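For reference, protein.pdb (PDB, C-alpha atoms):
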```
ATOM      1  CA  MET J   1      61.203 180.108 -45.152
ATOM      2  CA  ARG J   2      62.820 180.826 -41.815
ATOM      3  CA  VAL J   3      64.699 184.015 -41.020
ATOM      4  CA  THR J   4      66.753 184.261 -37.827
ATOM      5  CA  PHE J   5      67.301 187.610 -36.077
ATOM      6  CA  ARG J   6      69.869 187.930 -33.301
ATOM      7  CA  THR J   7      70.667 191.120 -31.409
ATOM      8  CA  VAL J   8      71.410 192.708 -28.036
ATOM      9  CA  LEU J   9      68.957 195.259 -26.707
ATOM     10  CA  CYS J  10      70.190 198.582 -25.372
ATOM     11  CA  ALA J  11      68.892 200.255 -22.216
ATOM     12  CA  PRO J  12      65.631 202.057 -22.993
ATOM     13  CA  PRO J  13      65.823 205.846 -23.387
ATOM     14  CA  PRO J  14      63.311 208.129 -21.574
ATOM     15  CA  TRP J  15      59.613 207.269 -21.606
ATOM     16  CA  ARG J  16      58.623 209.691 -24.349
ATOM     17  CA  ARG J  17      61.020 207.839 -26.658
ATOM     18  CA  PRO J  18      60.649 204.219 -25.465
ATOM     19  CA  GLY J  19      63.313 201.704 -26.339
ATOM     20  CA  ARG J  20      62.352 199.718 -29.411
ATOM     21  CA  LEU J  21      64.261 197.283 -31.524
ATOM     22  CA  ALA J  22      63.552 197.170 -35.242
ATOM     23  CA  VAL J  23      64.946 194.279 -37.271
ATOM     24  CA  LYS J  24      64.229 194.217 -40.991
ATOM     25  CA  ALA J  25      63.852 191.033 -42.996
ATOM     26  CA  VAL J  26      64.734 191.554 -46.667
ATOM     27  CA  ALA J  27      63.145 189.749 -49.653
ATOM     28  CA  PRO J  28      62.004 187.133 -50.188
ATOM     29  CA  VAL J  29      59.737 187.198 -47.131
ATOM     30  CA  LEU J  30      56.772 185.007 -46.276
ATOM     31  CA  VAL J  31      55.494 185.816 -42.798
ATOM     32  CA  VAL J  32      53.383 182.991 -41.422
ATOM     33  CA  GLY J  33      54.263 183.211 -37.726
ATOM     34  CA  CYS J  34      57.121 184.114 -35.439
ATOM     35  CA  VAL J  35      58.614 182.497 -32.354
ATOM     36  CA  PHE J  36      60.166 184.913 -29.859
ATOM     37  CA  ALA J  37      62.493 183.973 -27.028
ATOM     38  CA  LEU J  38      64.723 185.705 -24.501
ATOM     39  CA  ALA J  39      68.123 184.383 -23.546
ATOM     40  CA  PRO J  40      67.906 181.664 -20.871
ATOM     41  CA  HIS J  41      68.520 182.770 -17.298
ATOM     42  CA  ALA J  42      71.840 181.887 -15.777
ATOM     43  CA  GLN J  43      70.332 181.909 -12.290
ATOM     44  CA  ALA J  44      67.707 179.686 -10.722
ATOM     45  CA  GLN J  45      67.037 181.955  -7.741
ATOM     46  CA  THR J  46      63.532 183.157  -6.982
ATOM     47  CA  GLU J  47      62.657 186.714  -7.957
ATOM     48  CA  MET J  48      62.076 188.973  -4.926
ATOM     49  CA  VAL J  49      60.295 192.323  -5.356
ATOM     50  CA  LEU J  50      61.310 194.298  -2.270
ATOM     51  CA  ILE J  51      59.912 197.734  -3.175
ATOM     52  CA  GLU J  52      57.122 198.667  -5.577
ATOM     53  CA  ARG J  53      53.976 200.764  -5.764
ATOM     54  CA  GLY J  54      52.040 200.405  -2.516
ATOM     55  CA  THR J  55      55.106 199.595  -0.384
ATOM     56  CA  ALA J  56      54.881 201.292   3.014
ATOM     57  CA  MET J  57      57.622 203.818   3.805
ATOM     58  CA  ARG J  58      58.362 206.965   5.813
ATOM     59  CA  TYR J  59      59.036 210.237   4.040
ATOM     60  CA  LEU J  60      59.984 213.896   4.368
ATOM     61  CA  ALA J  61      58.700 216.394   1.785
ATOM     62  CA  ASN J  62      61.137 219.300   1.515
ATOM     63  CA  SER J  63      59.945 222.784   0.605
ATOM     64  CA  ALA J  64      62.876 224.244   2.568
ATOM     65  CA  ASP J  65      66.263 222.975   3.683
ATOM     66  CA  PRO J  66      65.697 220.253   6.321
ATOM     67  CA  GLY J  67      69.298 220.650   7.471
ATOM     68  CA  LEU J  68      70.105 216.949   7.181
ATOM     69  CA  GLY J  69      72.806 216.939   4.530
ATOM     70  CA  SER J  70      73.305 213.309   3.535
ATOM     71  CA  THR J  71      72.887 211.945   7.082
ATOM     72  CA  TRP J  72      69.361 210.780   6.315
ATOM     73  CA  THR J  73      70.655 208.065   3.959
ATOM     74  CA  ALA J  74      72.620 206.268   6.708
ATOM     75  CA  SER J  75      71.407 202.934   8.067
ATOM     76  CA  ALA J  76      71.287 204.183  11.653
ATOM     77  CA  PHE J  77      69.318 207.366  10.873
ATOM     78  CA  ASP J  78      66.185 207.769  13.018
ATOM     79  CA  ASP J  79      63.191 208.448  10.744
ATOM     80  CA  SER J  80      60.553 207.801  13.405
ATOM     81  CA  GLY J  81      59.457 211.434  13.252
ATOM     82  CA  TRP J  82      58.815 211.323   9.506
ATOM     83  CA  THR J  83      55.371 210.882   7.949
ATOM     84  CA  ALA J  84      54.109 207.385   7.083
ATOM     85  CA  GLY J  85      52.972 206.805   3.504
ATOM     86  CA  VAL J  86      53.149 204.438   0.540
ATOM     87  CA  TYR J  87      54.748 204.630  -2.909
ATOM     88  CA  GLY J  88      53.848 206.304  -5.384
ATOM     89  CA  ILE J  89      54.303 209.717  -3.927
ATOM     90  CA  GLY J  90      54.236 213.239  -5.343
ATOM     91  CA  TYR J  91      51.868 215.914  -6.615
ATOM     92  CA  GLU J  92      50.238 216.939  -9.891
ATOM     93  CA  ASN J  93      48.953 220.469 -10.608
ATOM     94  CA  ILE J  94      47.686 219.871 -14.151
ATOM     95  CA  PRO J  95      45.378 216.857 -13.923
ATOM     96  CA  PRO J  96      45.013 214.220 -15.005
ATOM     97  CA  GLY J  97      48.775 214.150 -15.633
ATOM     98  CA  ALA J  98      50.406 211.769 -13.173
ATOM     99  CA  THR J  99      47.466 211.589 -10.758
ATOM    100  CA  GLY J 100      46.977 207.902 -11.580
ATOM    101  CA  LEU J 101      50.416 207.131 -10.138
ATOM    102  CA  ILE J 102      50.122 209.108  -6.900
ATOM    103  CA  ASP J 103      48.836 207.438  -3.722
ATOM    104  CA  THR J 104      50.597 209.725  -1.224
ATOM    105  CA  THR J 105      50.264 213.439  -1.966
ATOM    106  CA  VAL J 106      52.790 216.087  -0.925
ATOM    107  CA  PRO J 107      52.532 219.924  -1.146
ATOM    108  CA  ASP J 108      53.063 221.433  -4.591
ATOM    109  CA  THR J 109      55.938 223.522  -3.218
ATOM    110  CA  THR J 110      58.008 220.356  -2.634
ATOM    111  CA  ARG J 111      61.494 220.466  -4.159
ATOM    112  CA  SER J 112      62.540 217.008  -3.005
ATOM    113  CA  ILE J 113      61.190 213.952  -1.217
ATOM    114  CA  TYR J 114      63.337 211.862   1.109
ATOM    115  CA  SER J 115      61.968 208.385   1.779
ATOM    116  CA  ARG J 116      63.161 205.345   3.704
ATOM    117  CA  VAL J 117      62.044 201.726   3.913
ATOM    118  CA  THR J 118      63.419 198.604   5.595
ATOM    119  CA  VAL J 119      63.611 195.471   3.429
ATOM    120  CA  ASN J 120      64.574 191.957   4.459
ATOM    121  CA  VAL J 121      67.016 189.786   2.504
ATOM    122  CA  PRO J 122      67.096 186.306   4.092
ATOM    123  CA  ASP J 123      70.252 185.104   2.320
ATOM    124  CA  VAL J 124      72.507 187.368   0.258
ATOM    125  CA  GLY J 125      74.161 184.219  -1.082
ATOM    126  CA  GLN J 126      70.964 183.528  -3.040
ATOM    127  CA  VAL J 127      71.040 186.936  -4.776
ATOM    128  CA  SER J 128      72.398 186.929  -8.319
ATOM    129  CA  SER J 129      71.191 190.343  -9.523
ATOM    130  CA  VAL J 130      69.841 193.626  -8.176
ATOM    131  CA  PHE J 131      67.693 195.953 -10.291
ATOM    132  CA  VAL J 132      66.305 199.374  -9.413
ATOM    133  CA  GLY J 133      63.668 201.175 -11.435
ATOM    134  CA  ALA J 134      61.094 203.917 -11.146
ATOM    135  CA  ASP J 135      58.294 205.733 -12.866
ATOM    136  CA  TYR J 136      59.394 209.246 -11.979
ATOM    137  CA  ASP J 137      59.481 212.978 -12.580
ATOM    138  CA  ASP J 138      62.063 214.555 -12.586
ATOM    139  CA  GLY J 139      65.020 212.695 -10.981
ATOM    140  CA  TYR J 140      65.764 210.131  -8.280
ATOM    141  CA  ALA J 141      68.606 208.434  -6.414
ATOM    142  CA  VAL J 142      68.856 205.247  -4.326
ATOM    143  CA  TRP J 143      71.048 204.331  -1.349
ATOM    144  CA  ILE J 144      71.308 200.898   0.289
ATOM    145  CA  ASN J 145      72.677 200.825   3.829
ATOM    146  CA  GLY J 146      74.112 204.305   3.333
ATOM    147  CA  THR J 147      75.842 203.625  -0.006
ATOM    148  CA  GLU J 148      74.555 205.244  -3.187
ATOM    149  CA  VAL J 149      73.810 202.578  -5.798
ATOM    150  CA  PHE J 150      71.974 204.647  -8.414
ATOM    151  CA  ARG J 151      71.154 208.172  -9.537
ATOM    152  CA  SER J 152      69.179 209.115 -12.644
ATOM    153  CA  SER J 153      71.024 210.770 -15.503
ATOM    154  CA  GLY J 154      69.451 214.212 -15.045
ATOM    155  CA  LEU J 155      70.906 214.687 -11.569
ATOM    156  CA  PRO J 156      74.177 216.611 -11.093
ATOM    157  CA  ALA J 157      77.445 214.976 -10.077
ATOM    158  CA  GLY J 158      78.742 215.234  -6.533
ATOM    159  CA  ALA J 159      76.831 215.513  -3.288
ATOM    160  CA  LEU J 160      73.076 215.897  -3.712
ATOM    161  CA  ASP J 161      71.303 218.652  -1.784
ATOM    162  CA  TRP J 162      67.646 219.040  -0.888
ATOM    163  CA  ASN J 163      67.122 221.426  -3.830
ATOM    164  CA  SER J 164      69.299 219.722  -6.451
ATOM    165  CA  SER J 165      67.683 219.881  -9.885
ATOM    166  CA  GLY J 166      66.290 216.542 -11.018
ATOM    167  CA  GLY J 167      66.517 217.321 -14.726
ATOM    168  CA  ASN J 168      63.483 217.099 -16.998
ATOM    169  CA  HIS J 169      62.470 213.435 -17.050
ATOM    170  CA  GLU J 170      58.732 212.831 -17.474
ATOM    171  CA  SER J 171      56.740 210.090 -15.776
ATOM    172  CA  SER J 172      54.551 207.784 -17.839
ATOM    173  CA  ASN J 173      51.403 209.594 -16.639
ATOM    174  CA  ASP J 174      49.734 206.188 -16.745
ATOM    175  CA  ILE J 175      47.707 204.416 -14.057
ATOM    176  CA  VAL J 176      50.109 201.455 -13.984
ATOM    177  CA  PRO J 177      53.751 202.370 -13.295
ATOM    178  CA  TYR J 178      56.290 201.829 -16.047
ATOM    179  CA  TYR J 179      59.555 201.101 -14.235
ATOM    180  CA  GLU J 180      62.690 201.983 -16.184
ATOM    181  CA  PHE J 181      64.995 199.314 -14.767
ATOM    182  CA  THR J 182      68.759 199.527 -14.302
ATOM    183  CA  ASP J 183      71.052 196.697 -13.282
ATOM    184  CA  VAL J 184      72.911 197.858 -10.135
ATOM    185  CA  THR J 185      74.264 194.444  -9.153
ATOM    186  CA  GLY J 186      77.860 195.665  -9.240
ATOM    187  CA  SER J 187      77.296 198.473  -6.742
ATOM    188  CA  ALA J 188      74.623 196.826  -4.586
ATOM    189  CA  MET J 189      75.950 193.334  -3.925
ATOM    190  CA  GLY J 190      78.760 194.591  -1.719
ATOM    191  CA  VAL J 191      76.420 196.492   0.594
ATOM    192  CA  LEU J 192      73.482 194.091   0.997
ATOM    193  CA  VAL J 193      73.482 192.095   4.235
ATOM    194  CA  ASN J 194      71.522 189.128   5.534
ATOM    195  CA  GLY J 195      68.400 190.308   7.337
ATOM    196  CA  ASP J 196      67.212 193.918   7.435
ATOM    197  CA  ASN J 197      68.581 196.458   4.957
ATOM    198  CA  GLU J 198      67.808 200.185   4.970
ATOM    199  CA  VAL J 199      66.907 201.653   1.582
ATOM    200  CA  ALA J 200      66.787 205.428   1.116
ATOM    201  CA  ILE J 201      65.236 206.886  -2.043
ATOM    202  CA  ALA J 202      65.085 210.577  -2.946
ATOM    203  CA  ALA J 203      63.023 212.271  -5.637
ATOM    204  CA  PHE J 204      64.127 215.656  -6.982
ATOM    205  CA  ASN J 205      62.066 218.262  -8.790
ATOM    206  CA  ALA J 206      63.258 220.146 -11.858
ATOM    207  CA  GLY J 207      63.052 223.408  -9.944
ATOM    208  CA  ALA J 208      60.771 225.840  -8.138
ATOM    209  CA  GLY J 209      57.335 226.211  -9.708
ATOM    210  CA  SER J 210      57.292 222.790 -11.369
ATOM    211  CA  SER J 211      53.790 221.488 -12.026
ATOM    212  CA  ASP J 212      54.499 217.927 -10.859
ATOM    213  CA  LEU J 213      56.769 215.613  -8.878
ATOM    214  CA  VAL J 214      56.426 211.820  -9.008
ATOM    215  CA  LEU J 215      58.222 208.838  -7.493
ATOM    216  CA  VAL J 216      57.082 205.219  -7.891
ATOM    217  CA  PRO J 217      60.223 203.142  -7.238
ATOM    218  CA  ASN J 218      61.017 199.462  -7.601
ATOM    219  CA  LEU J 219      63.762 197.293  -6.104
ATOM    220  CA  THR J 220      63.912 193.693  -7.330
ATOM    221  CA  LEU J 221      66.364 190.874  -6.666
ATOM    222  CA  ASN J 222      66.952 188.095  -9.227
ATOM    223  CA  LYS J 223      64.768 189.873 -11.728
ATOM    224  CA  THR J 224      63.093 187.726 -14.365
ATOM    225  CA  LYS J 225      63.628 189.033 -17.900
ATOM    226  CA  GLN J 226      60.319 189.907 -19.507
ATOM    227  CA  VAL J 227      58.997 191.412 -22.712
ATOM    228  CA  ASP J 228      56.807 194.394 -21.917
ATOM    229  CA  ARG J 229      55.783 195.182 -25.491
ATOM    230  CA  GLY J 230      55.410 193.033 -28.579
ATOM    231  CA  PRO J 231      56.752 191.326 -30.536
ATOM    232  CA  TYR J 232      54.714 192.710 -33.421
ATOM    233  CA  LEU J 233      55.090 193.323 -37.148
ATOM    234  CA  GLN J 234      55.207 196.815 -38.611
ATOM    235  CA  MET J 235      55.716 198.533 -41.968
ATOM    236  CA  GLY J 236      55.100 195.422 -44.022
ATOM    237  CA  THR J 237      55.697 195.661 -47.764
ATOM    238  CA  SER J 238      55.846 193.141 -50.603
ATOM    239  CA  ASP J 239      59.498 192.397 -49.866
ATOM    240  CA  ALA J 240      60.169 193.432 -46.232
ATOM    241  CA  VAL J 241      58.733 193.608 -42.732
ATOM    242  CA  THR J 242      59.924 195.121 -39.442
ATOM    243  CA  VAL J 243      59.739 193.109 -36.219
ATOM    244  CA  ARG J 244      59.617 195.216 -33.065
ATOM    245  CA  TRP J 245      59.683 194.417 -29.353
ATOM    246  CA  ARG J 246      60.816 195.906 -26.063
ATOM    247  CA  THR J 247      62.152 194.199 -22.940
ATOM    248  CA  GLU J 248      62.095 195.546 -19.381
ATOM    249  CA  VAL J 249      65.873 195.258 -19.096
ATOM    250  CA  PRO J 250      68.720 194.889 -21.620
ATOM    251  CA  THR J 251      68.984 191.228 -22.654
ATOM    252  CA  ASP J 252      69.749 188.978 -25.609
ATOM    253  CA  SER J 253      66.692 188.215 -27.747
ATOM    254  CA  ARG J 254      65.974 186.027 -30.762
ATOM    255  CA  VAL J 255      63.134 185.892 -33.282
ATOM    256  CA  LEU J 256      62.619 182.907 -35.587
ATOM    257  CA  CYS J 257      60.242 183.419 -38.505
TER     258      CYS J 257
END
```
Whole structure, structure tokens version:
Amino acid sequence: MRVTFRTVLCAPPPWRRPGRLAVKAVAPVLVVGCVFALAPHAQAQTEMVLIERGTAMRYLANSADPGLGSTWTASAFDDSGWTAGVYGIGYENIPPGATGLIDTTVPDTTRSIYSRVTVNVPDVGQVSSVFVGADYDDGYAVWINGTEVFRSSGLPAGALDWNSSGGNHESSNDIVPYYEFTDVTGSAMGVLVNGDNEVAIAAFNAGAGSSDLVLVPNLTLNKTKQVDRGPYLQMGTSDAVTVRWRTEVPTDSRVLC
């Protein structure tokens, strides 16, 4: 027999409770094999990963007020005096923890990290979607050419300060970053320009005395929809089975069995 499942995935919740979709097939069930497919892409543009782990950037680790306000997010801000590094960045006081994600280490008194990187977009007309993501602890925000396009849910509303609390989000503590992607096309498309674009990304700690701080960001244009777990069968019985899978971003999916 063939059973057809159709659904729309929701955005994944925090890492400790990863987004999973469970669809139950009710009797009679004969599971021989399944075909899994994502919805076809509307765009034909080439995916462009502009920022990821290992991307070179300049940063400022703040253990005290740097006195910059929000000026550091502006396109014209001069960051030449900042320290050169690469993503991921942070510290870990209870190893192994997030040590596998950290390539640039900052002092364990750091309350926030300001970072900046220049990315090149040859033709904005060829951009159909903009996604930001990060493997992070505890909060982060992203600005493109001085305009905020994203802040994680644990951060407070209003202007962000150097010691704003990031919330209590945990990183994956893996050795390969798990980016929790968000579609920011609506807020980003109006600020991207042809040529060089200045991207500012801040990481915020939960508070003083926190044991870790992690930021491994990602910025991708025309992101390809991918399954990052499954599909697989679970909780099989004589008359039912659960099909589970997880996609990197919310998208239509279909399983034919």
- Across J:Ala202, J:Leu213, J:Ala208, J:Ala188, the smallest distance to Ser115 in chain J, with all atoms listed in the file counted, is shown by J:Ala202
- Task: Please write the residues picked by the PyMOL selection byres ((chain J and resi 88) around 7) on this file as an MDAnalysis selection string.
- Result: chainID J and resid 53:54 86:87 89:90 101:104 215:216
Go ahead and save the picked residues with C-alpha atoms, as a tab-separated table (two decimals), in the frame of the given file.
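Just written: again-v7.tsv:
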```tsv
chain	number	residue	atom	x	y	z
J	53	ARG	CA	53.98	200.76	-5.76
J	54	GLY	CA	52.04	200.40	-2.52
J	86	VAL	CA	53.15	204.44	0.54
J	87	TYR	CA	54.75	204.63	-2.91
J	89	ILE	CA	54.30	209.72	-3.93
J	90	GLY	CA	54.24	213.24	-5.34
J	101	LEU	CA	50.42	207.13	-10.14
J	102	ILE	CA	50.12	209.11	-6.90
J	103	ASP	CA	48.84	207.44	-3.72
J	104	THR	CA	50.60	209.72	-1.22
J	215	LEU	CA	58.22	208.84	-7.49
J	216	VAL	CA	57.08	205.22	-7.89
```
- Task: Select, from J:Leu160, J:Val199, J:Val132, J:Ala206, the residue with the minimum atom-to-atom distance to Met57 in chain J, counting all atoms listed in the file.
- Result: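 For Met57 in chain J, the nearest of the given residues is J:Val199.
Here the question is which of J:Thr83, J:Gln126, J:Thr182, J:Asn62 gets nearest to Pro217 in chain J using all atoms listed in the file, and that residue is J:Thr182.
Atom pair CA of Ser80 in chain J / CA of Tyr59 in chain J: separated by 9.8 Å.
Closest approach to Asn197 in chain J among J:Thr109, J:Ser70, J:Thr99, J:Thr147: J:Thr147, based on all atoms listed in the file.
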- Message: Let me make sure I understand: among J:Gly167, J:Gly236, J:Pro177, J:Gly146, which one has the smallest atom-to-atom distance to Ala200 in chain J if we use all atoms listed in the file?
- Response: J:Gly146
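In this structure, CA of Asn173 in chain J sits 11.2 Å away from CA of Ile94 in chain J.
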- Note on the structure: Students should find that CA of Ser211 in chain J and CA of Arg58 in chain J are spaced 23.5 Å
- Counting only C-alpha atoms, closest pick from J:Val149, J:Thr46, J:Val193, J:Leu233 relative to Gly133 in chain J is J:Val149
Residues in the PyMOL selection byres ((chain J and resi 205) around 9), expressed as a PDB file with C-alpha atoms, in the coordinates of the input:
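New file expr24.pdb:
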```pdb
ATOM      1  CA  THR J 110      58.008 220.356  -2.634  1.00  0.00           C
ATOM      2  CA  ARG J 111      61.494 220.466  -4.159  1.00  0.00           C
ATOM      3  CA  SER J 112      62.540 217.008  -3.005  1.00  0.00           C
ATOM      4  CA  ILE J 113      61.190 213.952  -1.217  1.00  0.00           C
ATOM      5  CA  ASP J 137      59.481 212.978 -12.580  1.00  0.00           C
ATOM      6  CA  ASP J 138      62.063 214.555 -12.586  1.00  0.00           C
ATOM      7  CA  GLY J 139      65.020 212.695 -10.981  1.00  0.00           C
ATOM      8  CA  TYR J 140      65.764 210.131  -8.280  1.00  0.00           C
ATOM      9  CA  ASN J 163      67.122 221.426  -3.830  1.00  0.00           C
ATOM     10  CA  SER J 164      69.299 219.722  -6.451  1.00  0.00           C
ATOM     11  CA  SER J 165      67.683 219.881  -9.885  1.00  0.00           C
ATOM     12  CA  GLY J 166      66.290 216.542 -11.018  1.00  0.00           C
ATOM     13  CA  GLY J 167      66.517 217.321 -14.726  1.00  0.00           C
ATOM     14  CA  ASN J 168      63.483 217.099 -16.998  1.00  0.00           C
ATOM     15  CA  ALA J 203      63.023 212.271  -5.637  1.00  0.00           C
ATOM     16  CA  PHE J 204      64.127 215.656  -6.982  1.00  0.00           C
ATOM     17  CA  ALA J 206      63.258 220.146 -11.858  1.00  0.00           C
ATOM     18  CA  GLY J 207      63.052 223.408  -9.944  1.00  0.00           C
ATOM     19  CA  ALA J 208      60.771 225.840  -8.138  1.00  0.00           C
ATOM     20  CA  SER J 210      57.292 222.790 -11.369  1.00  0.00           C
ATOM     21  CA  ASP J 212      54.499 217.927 -10.859  1.00  0.00           C
ATOM     22  CA  LEU J 213      56.769 215.613  -8.878  1.00  0.00           C
ATOM     23  CA  VAL J 214      56.426 211.820  -9.008  1.00  0.00           C
TER      24      VAL J 214
END
```
Padding 5 Å on each side, edges along x, y and z: where is the centre of the box around the listed atoms of range 157-169 of chain J, and how long are its edges in Å to one decimal? Output it as lines of an AutoDock Vina configuration file.
```
center_x = 70.6
center_y = 217.4
center_z = -9.0
size_x = 26.3
size_y = 18.0
size_z = 26.2
```
- Query: the PyMOL selection byres ((chain J and resi 185) around 12) on the file shown: which residues, as an MDAnalysis selection string?
  - Reply: chainID J and resid 124 127:132 144 149:150 181:184 186:192 219:223
